[in-house]
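**Student:** Here it is: the structure, laid out below.
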Amino acid sequence: YASINNIRGKTDEELVRLRGLGINELNVGIESGLDEALELMNKGYDSREALYELGRLRDAGMDYGANVIFGGAGPGRLRDNAAATAEILNRTTPYLIFTGTIHADPGCPLYDDIQSGRFIEPTIGEHIDEEELFLELLELDNCLYFGLHPSNVVRMQGWLPRDKDAMLYEVRQTRTCLARR
C-alpha cells in the first residue's frame with residue numbers, strides 16, 4: 001500500500017532501487033482525479049502532483065493499482081469526479097482499478113460532516129451514474145476493474161477493455177431494477 005505522499009518522499013534513485021529489490025504492483029490510494037474531492041478527503045496532494053508522482057513510478061519500472069472512491073466529491077460534482085478520475089488513470093495506466101463507494105461510520109470526521117449537513121451523501125442513483133460515466137471514459141488495456149468492495153452499489157469485476165460493455169450493461173441493469181422498485 002502506498003500514497004502519493006509516500007512516492008513524493010522518495011528520490012528517483014530510491015524508487016529504482018526499490019524496484020530492483022522486487023517492490024512492484026503498489027496499491028496506491030488515488031481516490032479521485034478531482035482537486036476539490038482530494039481536498040475534501042484531506043489527501044495532501046492535488047491531481048497534478050498525483051499525475052507527476054505516478055509518472056515517476058512508471059519511470060522507475062513500477063506498476064501500480066489505483067484505489068478510487070465514488071461519491072467523494074459530493075452529489076453536485078459526480079460527473080466531474082468521474083471524468084477527472086478516468087482522465088488521470090487513462091494517462092497513468094494502472095494494472096488494476098479497485099473501486100469503493102464513499103461511506104462513513106460513527107466516529108469518523110465524514111460521519112460528523114454528514115450528520116451536520118456539511119457533506120451530503122450521494123444517492124444510490126447518483127453513485128450508479130458516476131460509475132457508469134467513469135467506466136464509459138476509461139480507455140485502458142489489460143487492466144483489471146475490481147469493483148467488489150461491500151460498499152459498492154454494483155459489485156462486479158472484469159478486464160478492460162474486454163469486459164467493459166458487460167460491466168456497463170450490469171450498471172445499467174442495476175439502475176433499471178432499482179427504478180422498478
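Residues are referred to by chain and number: the chain letter is A, B, ... according to the order shown in the C-alpha cells, the number counts from 1 in that chain, and ligands are numbered separately from 1 in the order shown.
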What parts of stretch 10-160 of chain A does DSSP call strand (DSSP E)? I'd like the answer as a list in words.
**Tutor:**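 So, restricting stretch 10-160 of chain A to strand (DSSP E), we get Leu26, Asn27, Val28, Gly29, Ile30, Glu31, Tyr64, Gly65, Ala66, Asn67, Val68, Ile69, Phe70, Leu96, Ile97, Phe98, Thr99, Gly100, Thr101, Cys143, Leu144, Tyr145, Phe146, Gly147, Met156, Gln157, Gly158, Trp159 and Leu160 of chain A.
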**Student:** Could you dump the residues just selected with N, CA and C atoms as a PDB file, in the first residue's frame?
**Tutor:**
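Everything below was put into selection-v2.pdb:
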ATOM      1  N   LEU A  26       2.342  -1.588  -6.585  1.00  0.00           N
ATOM      2  CA  LEU A  26       1.891  -0.834  -5.428  1.00  0.00           C
ATOM      3  C   LEU A  26       0.389  -0.599  -5.509  1.00  0.00           C
ATOM      4  N   ASN A  27      -0.262  -0.611  -4.384  1.00  0.00           N
ATOM      5  CA  ASN A  27      -1.682  -0.309  -4.280  1.00  0.00           C
ATOM      6  C   ASN A  27      -1.767   1.137  -3.799  1.00  0.00           C
ATOM      7  N   VAL A  28      -2.056   2.071  -4.724  1.00  0.00           N
ATOM      8  CA  VAL A  28      -1.991   3.500  -4.424  1.00  0.00           C
ATOM      9  C   VAL A  28      -3.395   4.071  -4.267  1.00  0.00           C
ATOM     10  N   GLY A  29      -3.622   4.738  -3.154  1.00  0.00           N
ATOM     11  CA  GLY A  29      -4.901   5.399  -2.900  1.00  0.00           C
ATOM     12  C   GLY A  29      -4.995   6.703  -3.665  1.00  0.00           C
ATOM     13  N   ILE A  30      -5.371   6.626  -4.936  1.00  0.00           N
ATOM     14  CA  ILE A  30      -5.568   7.822  -5.751  1.00  0.00           C
ATOM     15  C   ILE A  30      -6.837   8.529  -5.275  1.00  0.00           C
ATOM     16  N   GLU A  31      -7.894   7.771  -5.084  1.00  0.00           N
ATOM     17  CA  GLU A  31      -9.224   8.178  -4.623  1.00  0.00           C
ATOM     18  C   GLU A  31      -9.983   8.988  -5.660  1.00  0.00           C
ATOM     19  N   TYR A  64       1.311  -0.048 -10.829  1.00  0.00           N
ATOM     20  CA  TYR A  64       0.500   0.302  -9.664  1.00  0.00           C
ATOM     21  C   TYR A  64      -0.965  -0.020  -9.912  1.00  0.00           C
ATOM     22  N   GLY A  65      -1.646  -0.303  -8.812  1.00  0.00           N
ATOM     23  CA  GLY A  65      -3.093  -0.428  -8.795  1.00  0.00           C
ATOM     24  C   GLY A  65      -3.656   0.833  -8.160  1.00  0.00           C
ATOM     25  N   ALA A  66      -4.788   1.300  -8.664  1.00  0.00           N
ATOM     26  CA  ALA A  66      -5.384   2.549  -8.185  1.00  0.00           C
ATOM     27  C   ALA A  66      -6.639   2.266  -7.380  1.00  0.00           C
ATOM     28  N   ASN A  67      -6.697   2.806  -6.186  1.00  0.00           N
ATOM     29  CA  ASN A  67      -7.926   2.796  -5.400  1.00  0.00           C
ATOM     30  C   ASN A  67      -8.699   4.069  -5.742  1.00  0.00           C
ATOM     31  N   VAL A  68      -9.991   3.914  -6.023  1.00  0.00           N
ATOM     32  CA  VAL A  68     -10.851   5.023  -6.413  1.00  0.00           C
ATOM     33  C   VAL A  68     -12.080   5.001  -5.514  1.00  0.00           C
ATOM     34  N   ILE A  69     -12.533   6.185  -5.099  1.00  0.00           N
ATOM     35  CA  ILE A  69     -13.730   6.287  -4.256  1.00  0.00           C
ATOM     36  C   ILE A  69     -14.817   7.047  -5.011  1.00  0.00           C
ATOM     37  N   PHE A  70     -15.924   6.365  -5.291  1.00  0.00           N
ATOM     38  CA  PHE A  70     -17.073   7.039  -5.890  1.00  0.00           C
ATOM     39  C   PHE A  70     -17.805   7.832  -4.816  1.00  0.00           C
ATOM     40  N   LEU A  96      -4.564  -2.272 -12.314  1.00  0.00           N
ATOM     41  CA  LEU A  96      -5.739  -2.637 -11.529  1.00  0.00           C
ATOM     42  C   LEU A  96      -6.430  -1.364 -11.069  1.00  0.00           C
ATOM     43  N   ILE A  97      -7.757  -1.370 -11.111  1.00  0.00           N
ATOM     44  CA  ILE A  97      -8.551  -0.298 -10.505  1.00  0.00           C
ATOM     45  C   ILE A  97      -9.442  -0.957  -9.469  1.00  0.00           C
ATOM     46  N   PHE A  98      -9.303  -0.517  -8.236  1.00  0.00           N
ATOM     47  CA  PHE A  98     -10.111  -1.034  -7.127  1.00  0.00           C
ATOM     48  C   PHE A  98     -11.078   0.075  -6.739  1.00  0.00           C
ATOM     49  N   THR A  99     -12.373  -0.177  -6.911  1.00  0.00           N
ATOM     50  CA  THR A  99     -13.362   0.866  -6.624  1.00  0.00           C
ATOM     51  C   THR A  99     -14.070   0.613  -5.298  1.00  0.00           C
ATOM     52  N   GLY A 100     -14.421   1.694  -4.660  1.00  0.00           N
ATOM     53  CA  GLY A 100     -15.234   1.676  -3.457  1.00  0.00           C
ATOM     54  C   GLY A 100     -16.167   2.873  -3.508  1.00  0.00           C
ATOM     55  N   THR A 101     -17.208   2.836  -2.721  1.00  0.00           N
ATOM     56  CA  THR A 101     -18.167   3.930  -2.648  1.00  0.00           C
ATOM     57  C   THR A 101     -18.030   4.581  -1.288  1.00  0.00           C
ATOM     58  N   CYS A 143      -6.295  -4.093 -17.989  1.00  0.00           N
ATOM     59  CA  CYS A 143      -6.444  -3.552 -16.632  1.00  0.00           C
ATOM     60  C   CYS A 143      -7.624  -4.259 -15.967  1.00  0.00           C
ATOM     61  N   LEU A 144      -7.406  -4.782 -14.772  1.00  0.00           N
ATOM     62  CA  LEU A 144      -8.482  -5.430 -14.021  1.00  0.00           C
ATOM     63  C   LEU A 144      -9.289  -4.368 -13.290  1.00  0.00           C
ATOM     64  N   TYR A 145     -10.584  -4.368 -13.520  1.00  0.00           N
ATOM     65  CA  TYR A 145     -11.522  -3.487 -12.825  1.00  0.00           C
ATOM     66  C   TYR A 145     -12.124  -4.321 -11.705  1.00  0.00           C
ATOM     67  N   PHE A 146     -11.767  -3.991 -10.476  1.00  0.00           N
ATOM     68  CA  PHE A 146     -12.189  -4.785  -9.322  1.00  0.00           C
ATOM     69  C   PHE A 146     -13.152  -3.945  -8.496  1.00  0.00           C
ATOM     70  N   GLY A 147     -14.431  -4.177  -8.688  1.00  0.00           N
ATOM     71  CA  GLY A 147     -15.459  -3.399  -8.000  1.00  0.00           C
ATOM     72  C   GLY A 147     -16.287  -4.255  -7.065  1.00  0.00           C
ATOM     73  N   MET A 156     -18.983  -5.857  -9.155  1.00  0.00           N
ATOM     74  CA  MET A 156     -18.595  -6.537 -10.392  1.00  0.00           C
ATOM     75  C   MET A 156     -17.091  -6.446 -10.584  1.00  0.00           C
ATOM     76  N   GLN A 157     -16.602  -7.291 -11.458  1.00  0.00           N
ATOM     77  CA  GLN A 157     -15.211  -7.193 -11.857  1.00  0.00           C
ATOM     78  C   GLN A 157     -15.083  -7.658 -13.290  1.00  0.00           C
ATOM     79  N   GLY A 158     -14.020  -7.198 -13.943  1.00  0.00           N
ATOM     80  CA  GLY A 158     -13.779  -7.601 -15.320  1.00  0.00           C
ATOM     81  C   GLY A 158     -12.505  -6.962 -15.838  1.00  0.00           C
ATOM     82  N   TRP A 159     -12.094  -7.397 -16.998  1.00  0.00           N
ATOM     83  CA  TRP A 159     -10.887  -6.877 -17.631  1.00  0.00           C
ATOM     84  C   TRP A 159     -11.246  -5.809 -18.647  1.00  0.00           C
ATOM     85  N   LEU A 160     -10.486  -4.719 -18.580  1.00  0.00           N
ATOM     86  CA  LEU A 160     -10.636  -3.663 -19.576  1.00  0.00           C
ATOM     87  C   LEU A 160      -9.595  -3.871 -20.656  1.00  0.00           C
TER      88      LEU A 160
END
**Student:** Would you list the contacts of A:Leu89 as a list in words, taking every protein, DNA or RNA residue within 9 Å and counting only C-alpha atoms, but skipping same-chain residues closer than 6 positions in sequence?
**Tutor:** Gly33, Leu51, Ala66, Ile97, Leu138, Glu139 and Leu140 of chain A
**Student:** Show which residues sit within 12 Å of A:Asp113, as a list of chain:residue names. Count only C-alpha atoms, and ignore same-chain residues fewer than 6 positions away.
**Tutor:**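 Counting only the stated atoms, we get A:Leu40, A:Met41, A:Gly74, A:His103, A:Ala104, A:Asp105, A:Pro106, A:Gly107, A:Phe119, A:Ile120, A:Glu121.
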**Student:** With N, CA and C atoms retained, export the selected residues as a PDB file, in the first residue's frame.
**Tutor:**
ATOM      1  N   LEU A  40     -11.353  17.753  -0.082  1.00  0.00           N
ATOM      2  CA  LEU A  40     -12.368  17.312   0.880  1.00  0.00           C
ATOM      3  C   LEU A  40     -11.904  16.086   1.659  1.00  0.00           C
ATOM      4  N   MET A  41     -11.173  15.191   0.963  1.00  0.00           N
ATOM      5  CA  MET A  41     -10.684  13.961   1.594  1.00  0.00           C
ATOM      6  C   MET A  41      -9.379  14.184   2.340  1.00  0.00           C
ATOM      7  N   GLY A  74     -19.082  14.567  -3.577  1.00  0.00           N
ATOM      8  CA  GLY A  74     -20.425  15.001  -3.225  1.00  0.00           C
ATOM      9  C   GLY A  74     -21.331  14.954  -4.443  1.00  0.00           C
ATOM     10  N   HIS A 103     -18.442   5.973   2.196  1.00  0.00           N
ATOM     11  CA  HIS A 103     -19.327   5.642   3.306  1.00  0.00           C
ATOM     12  C   HIS A 103     -18.647   6.097   4.589  1.00  0.00           C
ATOM     13  N   ALA A 104     -19.426   6.255   5.612  1.00  0.00           N
ATOM     14  CA  ALA A 104     -18.876   6.750   6.876  1.00  0.00           C
ATOM     15  C   ALA A 104     -19.500   6.003   8.042  1.00  0.00           C
ATOM     16  N   ASP A 105     -18.656   5.663   8.980  1.00  0.00           N
ATOM     17  CA  ASP A 105     -19.108   5.029  10.209  1.00  0.00           C
ATOM     18  C   ASP A 105     -19.045   6.033  11.351  1.00  0.00           C
ATOM     19  N   PRO A 106     -19.878   5.846  12.367  1.00  0.00           N
ATOM     20  CA  PRO A 106     -19.824   6.746  13.515  1.00  0.00           C
ATOM     21  C   PRO A 106     -18.401   6.827  14.073  1.00  0.00           C
ATOM     22  N   GLY A 107     -18.003   8.050  14.402  1.00  0.00           N
ATOM     23  CA  GLY A 107     -16.685   8.265  14.972  1.00  0.00           C
ATOM     24  C   GLY A 107     -15.678   8.850  13.998  1.00  0.00           C
ATOM     25  N   PHE A 119     -21.646  17.721   4.581  1.00  0.00           N
ATOM     26  CA  PHE A 119     -21.423  16.864   3.412  1.00  0.00           C
ATOM     27  C   PHE A 119     -22.722  16.118   3.150  1.00  0.00           C
ATOM     28  N   ILE A 120     -23.177  16.176   1.915  1.00  0.00           N
ATOM     29  CA  ILE A 120     -24.391  15.468   1.521  1.00  0.00           C
ATOM     30  C   ILE A 120     -23.983  14.196   0.794  1.00  0.00           C
ATOM     31  N   GLU A 121     -24.446  13.075   1.297  1.00  0.00           N
ATOM     32  CA  GLU A 121     -24.141  11.797   0.646  1.00  0.00           C
ATOM     33  C   GLU A 121     -24.881  11.691  -0.678  1.00  0.00           C
TER      34      GLU A 121
END
**Student:** Could you give me, as a tab-separated table, a per-residue list for stretch 112-142 of chain A showing, wherever an atom lies at most 12 Å from an atom of stretch 176-180 of chain A, the closest pair of atoms and their distance in Å to one decimal, using only C-alpha atoms and sorting by chain then residue number from low to high?
**Tutor:**
residue	atom	partner	partner_atom	distance
A:Thr123	CA	A:Leu178	CA	11.9
A:Ile124	CA	A:Leu178	CA	9.0
A:Gly125	CA	A:Leu178	CA	8.3
A:Ile128	CA	A:Leu178	CA	10.4
A:Asp129	CA	A:Thr176	CA	11.9
**Student:** Give me a file of those residues, with all heavy atoms, as a PDB file, in the first residue's frame.
**Tutor:**
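The file below, again05.pdb, is the result:
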ATOM      1  N   THR A 123     -26.951   9.905  -3.636  1.00  0.00           N
ATOM      2  CA  THR A 123     -27.959   8.844  -3.620  1.00  0.00           C
ATOM      3  C   THR A 123     -27.409   7.606  -4.332  1.00  0.00           C
ATOM      4  O   THR A 123     -26.390   7.671  -5.025  1.00  0.00           O
ATOM      5  CB  THR A 123     -29.237   9.296  -4.347  1.00  0.00           C
ATOM      6  OG1 THR A 123     -28.923   9.484  -5.732  1.00  0.00           O
ATOM      7  CG2 THR A 123     -29.798  10.577  -3.739  1.00  0.00           C
ATOM      8  N   ILE A 124     -28.115   6.506  -4.195  1.00  0.00           N
ATOM      9  CA  ILE A 124     -27.726   5.280  -4.892  1.00  0.00           C
ATOM     10  C   ILE A 124     -27.722   5.524  -6.400  1.00  0.00           C
ATOM     11  O   ILE A 124     -26.801   5.118  -7.107  1.00  0.00           O
ATOM     12  CB  ILE A 124     -28.659   4.114  -4.500  1.00  0.00           C
ATOM     13  CG1 ILE A 124     -28.377   3.694  -3.057  1.00  0.00           C
ATOM     14  CG2 ILE A 124     -28.500   2.933  -5.451  1.00  0.00           C
ATOM     15  CD1 ILE A 124     -29.342   2.673  -2.498  1.00  0.00           C
ATOM     16  N   GLY A 125     -28.733   6.206  -6.905  1.00  0.00           N
ATOM     17  CA  GLY A 125     -28.791   6.513  -8.331  1.00  0.00           C
ATOM     18  C   GLY A 125     -27.622   7.370  -8.779  1.00  0.00           C
ATOM     19  O   GLY A 125     -27.085   7.169  -9.886  1.00  0.00           O
ATOM     20  N   ILE A 128     -24.588   5.211  -9.141  1.00  0.00           N
ATOM     21  CA  ILE A 128     -24.670   4.439 -10.386  1.00  0.00           C
ATOM     22  C   ILE A 128     -24.292   5.318 -11.573  1.00  0.00           C
ATOM     23  O   ILE A 128     -23.524   4.901 -12.446  1.00  0.00           O
ATOM     24  CB  ILE A 128     -26.077   3.819 -10.547  1.00  0.00           C
ATOM     25  CG1 ILE A 128     -26.285   2.721  -9.500  1.00  0.00           C
ATOM     26  CG2 ILE A 128     -26.278   3.272 -11.966  1.00  0.00           C
ATOM     27  CD1 ILE A 128     -27.706   2.195  -9.416  1.00  0.00           C
ATOM     28  N   ASP A 129     -24.811   6.545 -11.605  1.00  0.00           N
ATOM     29  CA  ASP A 129     -24.480   7.466 -12.692  1.00  0.00           C
ATOM     30  C   ASP A 129     -22.982   7.737 -12.759  1.00  0.00           C
ATOM     31  O   ASP A 129     -22.394   7.764 -13.841  1.00  0.00           O
ATOM     32  CB  ASP A 129     -25.223   8.792 -12.523  1.00  0.00           C
ATOM     33  CG  ASP A 129     -26.722   8.672 -12.705  1.00  0.00           C
ATOM     34  OD1 ASP A 129     -27.204   7.643 -13.237  1.00  0.00           O
ATOM     35  OD2 ASP A 129     -27.434   9.624 -12.288  1.00  0.00           O
TER      36      ASP A 129
END
**Student:** Rounded to one decimal, what separation in Å do you get between atom CA of A:Asp63 and atom CA of A:Gly22?
**Tutor:**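 Separation between atom CA of A:Asp63 and atom CA of A:Gly22: 11.4 Å.
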**Student:** Report the distance between atom CA of A:Leu18 and atom CA of A:Tyr45 in Å, rounded to one decimal place.
**Tutor:**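 According to the coordinates, atom CA of A:Leu18 and atom CA of A:Tyr45 are separated by 22.6 Å.
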**Student:** To one decimal place in Å, what is the distance between atom CA of A:Thr93 and atom CA of A:Glu170?
**Tutor:**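 Calculated distance between atom CA of A:Thr93 and atom CA of A:Glu170 is 23.6 Å.
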**Student:** Which residues are close to stretch 6-16 of chain A, i.e. within 8 Å by only C-alpha atoms, leaving aside same-chain residues fewer than 2 positions away? Reply as a list in words.
**Tutor:**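 Final neighbour list, sorted by chain and number: Ala2, Ser3, Ile4, Leu18, Arg19, Gly20, Glu53, Arg56, Leu57, Ala60 and Gly61 of chain A.
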**Student:** Residues within 12 Å of A:Tyr169, please, as a list in words. Count only C-alpha atoms; anything in the same chain fewer than 2 positions from it doesn't count.
**Tutor:**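 Everything that qualifies: Ile128, Glu131, Glu132, Leu135, Glu136, Val154, Met156, Asp163, Lys164, Asp165, Ala166, Met167, Val171, Arg172, Gln173, Thr174, Arg175 and Thr176 of chain A.
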**Student:** Write out, as a JSON list (two decimals), in the first residue's frame, the residues just selected, with N, CA, C and O atoms.
**Tutor:**
[["chain", "number", "residue", "atom", "x", "y", "z"],
["A", 128, "ILE", "N", -24.59, 5.21, -9.14],
["A", 128, "ILE", "CA", -24.67, 4.44, -10.39],
["A", 128, "ILE", "C", -24.29, 5.32, -11.57],
["A", 128, "ILE", "O", -23.52, 4.90, -12.45],
["A", 131, "GLU", "N", -20.48, 5.83, -11.62],
["A", 131, "GLU", "CA", -19.73, 4.66, -12.07],
["A", 131, "GLU", "C", -19.92, 4.41, -13.57],
["A", 131, "GLU", "O", -18.96, 4.06, -14.27],
["A", 132, "GLU", "N", -21.12, 4.62, -14.05],
["A", 132, "GLU", "CA", -21.36, 4.43, -15.48],
["A", 132, "GLU", "C", -20.48, 5.37, -16.31],
["A", 132, "GLU", "O", -19.81, 4.93, -17.26],
["A", 135, "LEU", "N", -16.75, 4.34, -16.10],
["A", 135, "LEU", "CA", -16.47, 3.18, -16.96],
["A", 135, "LEU", "C", -16.47, 3.57, -18.44],
["A", 135, "LEU", "O", -15.61, 3.12, -19.20],
["A", 136, "GLU", "N", -17.44, 4.37, -18.85],
["A", 136, "GLU", "CA", -17.50, 4.80, -20.25],
["A", 136, "GLU", "C", -16.22, 5.50, -20.67],
["A", 136, "GLU", "O", -15.76, 5.35, -21.80],
["A", 154, "VAL", "N", -22.99, -1.45, -7.26],
["A", 154, "VAL", "CA", -22.92, -2.52, -8.25],
["A", 154, "VAL", "C", -21.60, -3.25, -8.00],
["A", 154, "VAL", "O", -20.53, -2.67, -8.14],
["A", 156, "MET", "N", -18.98, -5.86, -9.16],
["A", 156, "MET", "CA", -18.60, -6.54, -10.39],
["A", 156, "MET", "C", -17.09, -6.45, -10.58],
["A", 156, "MET", "O", -16.43, -5.62, -9.95],
["A", 163, "ASP", "N", -14.12, -6.61, -21.05],
["A", 163, "ASP", "CA", -15.40, -6.75, -20.35],
["A", 163, "ASP", "C", -16.13, -5.43, -20.11],
["A", 163, "ASP", "O", -17.13, -5.40, -19.40],
["A", 164, "LYS", "N", -15.66, -4.38, -20.73],
["A", 164, "LYS", "CA", -16.24, -3.05, -20.49],
["A", 164, "LYS", "C", -17.73, -3.01, -20.81],
["A", 164, "LYS", "O", -18.53, -2.52, -20.00],
["A", 165, "ASP", "N", -18.13, -3.51, -21.97],
["A", 165, "ASP", "CA", -19.55, -3.48, -22.34],
["A", 165, "ASP", "C", -20.40, -4.29, -21.37],
["A", 165, "ASP", "O", -21.50, -3.88, -21.01],
["A", 166, "ALA", "N", -19.91, -5.44, -20.94],
["A", 166, "ALA", "CA", -20.66, -6.27, -19.99],
["A", 166, "ALA", "C", -20.80, -5.56, -18.65],
["A", 166, "ALA", "O", -21.86, -5.64, -18.02],
["A", 167, "MET", "N", -19.75, -4.87, -18.21],
["A", 167, "MET", "CA", -19.84, -4.15, -16.94],
["A", 167, "MET", "C", -20.79, -2.96, -17.06],
["A", 167, "MET", "O", -21.58, -2.69, -16.14],
["A", 171, "VAL", "N", -24.20, -2.22, -14.81],
["A", 171, "VAL", "CA", -24.53, -0.94, -14.16],
["A", 171, "VAL", "C", -25.92, -0.48, -14.61],
["A", 171, "VAL", "O", -26.76, -0.09, -13.78],
["A", 172, "ARG", "N", -26.18, -0.54, -15.89],
["A", 172, "ARG", "CA", -27.47, -0.08, -16.43],
["A", 172, "ARG", "C", -28.62, -0.96, -15.98],
["A", 172, "ARG", "O", -29.72, -0.48, -15.70],
["A", 173, "GLN", "N", -28.39, -2.25, -15.89],
["A", 173, "GLN", "CA", -29.41, -3.17, -15.39],
["A", 173, "GLN", "C", -29.73, -2.90, -13.93],
["A", 173, "GLN", "O", -30.89, -2.99, -13.52],
["A", 174, "THR", "N", -28.71, -2.58, -13.16],
["A", 174, "THR", "CA", -28.94, -2.25, -11.75],
["A", 174, "THR", "C", -29.82, -1.01, -11.64],
["A", 174, "THR", "O", -30.76, -0.98, -10.84],
["A", 175, "ARG", "N", -29.54, -0.01, -12.45],
["A", 175, "ARG", "CA", -30.37, 1.21, -12.45],
["A", 175, "ARG", "C", -31.82, 0.87, -12.80],
["A", 175, "ARG", "O", -32.76, 1.32, -12.14],
["A", 176, "THR", "N", -32.01, 0.03, -13.82],
["A", 176, "THR", "CA", -33.36, -0.34, -14.26],
["A", 176, "THR", "C", -34.09, -1.10, -13.14],
["A", 176, "THR", "O", -35.25, -0.83, -12.87]]
**Student:** Do a neighbour search on A:Leu38 at 10 Å with only C-alpha atoms, toss out local chain neighbours closer than 6 positions, and write the hits as a list in words.
**Tutor:**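 My list of contacting residues is Ile30, Glu31, Ser32, Gly44, Tyr45, Asp46, Ser47, Gly72, Ala73 and Asn81 of chain A.
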**Student:** Which residues are close to A:Ala84, i.e. within 7 Å by only C-alpha atoms, leaving aside same-chain residues fewer than 4 positions away? Reply as a PyMOL selection string.
**Tutor:** chain A and resi 33-34+80+88
**Student:** Given the selection you just returned, output its residues as a file containing all heavy atoms, formatted as a PDB file, in the first residue's frame.
**Tutor:**
ATOM      1  N   GLY A  33      -9.447  12.086  -9.187  1.00  0.00           N
ATOM      2  CA  GLY A  33      -8.628  12.961 -10.011  1.00  0.00           C
ATOM      3  C   GLY A  33      -9.104  14.395  -9.938  1.00  0.00           C
ATOM      4  O   GLY A  33      -8.577  15.279 -10.602  1.00  0.00           O
ATOM      5  N   LEU A  34     -10.111  14.659  -9.120  1.00  0.00           N
ATOM      6  CA  LEU A  34     -10.708  15.992  -8.987  1.00  0.00           C
ATOM      7  C   LEU A  34     -10.121  16.694  -7.759  1.00  0.00           C
ATOM      8  O   LEU A  34     -10.245  16.188  -6.641  1.00  0.00           O
ATOM      9  CB  LEU A  34     -12.233  15.872  -8.852  1.00  0.00           C
ATOM     10  CG  LEU A  34     -13.030  17.162  -8.842  1.00  0.00           C
ATOM     11  CD1 LEU A  34     -12.934  17.874 -10.200  1.00  0.00           C
ATOM     12  CD2 LEU A  34     -14.487  16.867  -8.510  1.00  0.00           C
ATOM     13  N   ASP A  80     -18.071  15.438 -12.765  1.00  0.00           N
ATOM     14  CA  ASP A  80     -16.714  15.995 -12.803  1.00  0.00           C
ATOM     15  C   ASP A  80     -15.719  15.024 -12.186  1.00  0.00           C
ATOM     16  O   ASP A  80     -14.609  14.842 -12.696  1.00  0.00           O
ATOM     17  CB  ASP A  80     -16.652  17.327 -12.044  1.00  0.00           C
ATOM     18  CG  ASP A  80     -17.520  18.405 -12.664  1.00  0.00           C
ATOM     19  OD1 ASP A  80     -17.788  18.346 -13.883  1.00  0.00           O
ATOM     20  OD2 ASP A  80     -17.930  19.317 -11.926  1.00  0.00           O
ATOM     21  N   ILE A  88      -7.041  10.827 -15.244  1.00  0.00           N
ATOM     22  CA  ILE A  88      -5.739  10.574 -14.620  1.00  0.00           C
ATOM     23  C   ILE A  88      -5.349   9.102 -14.751  1.00  0.00           C
ATOM     24  O   ILE A  88      -4.180   8.776 -14.973  1.00  0.00           O
ATOM     25  CB  ILE A  88      -5.702  11.066 -13.157  1.00  0.00           C
ATOM     26  CG1 ILE A  88      -4.257  11.255 -12.707  1.00  0.00           C
ATOM     27  CG2 ILE A  88      -6.433  10.151 -12.211  1.00  0.00           C
ATOM     28  CD1 ILE A  88      -4.119  12.012 -11.404  1.00  0.00           C
TER      29      ILE A  88
END
**Student:** Report as JSON, numbers by chain: the residues of stretch 12-94 of chain A with a DSSP assignment of helix (DSSP H, G or I), based on the backbone of this structure.
**Tutor:** {"A": [12, 13, 14, 15, 16, 17, 18, 19, 20, 35, 36, 37, 38, 39, 40, 47, 48, 49, 50, 51, 52, 53, 54, 55, 56, 57, 58, 59, 75, 76, 77, 78, 79, 80, 81, 82, 83, 84, 85, 86, 87, 88, 89, 90, 91, 92]}
**Student:** Rank nothing, just name the residue among A:Arg91, A:Arg79, A:Arg181, A:Arg17 nearest to A:Arg48, using only C-alpha atoms.
**Tutor:**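 For A:Arg48, the nearest of the given residues is A:Arg91.
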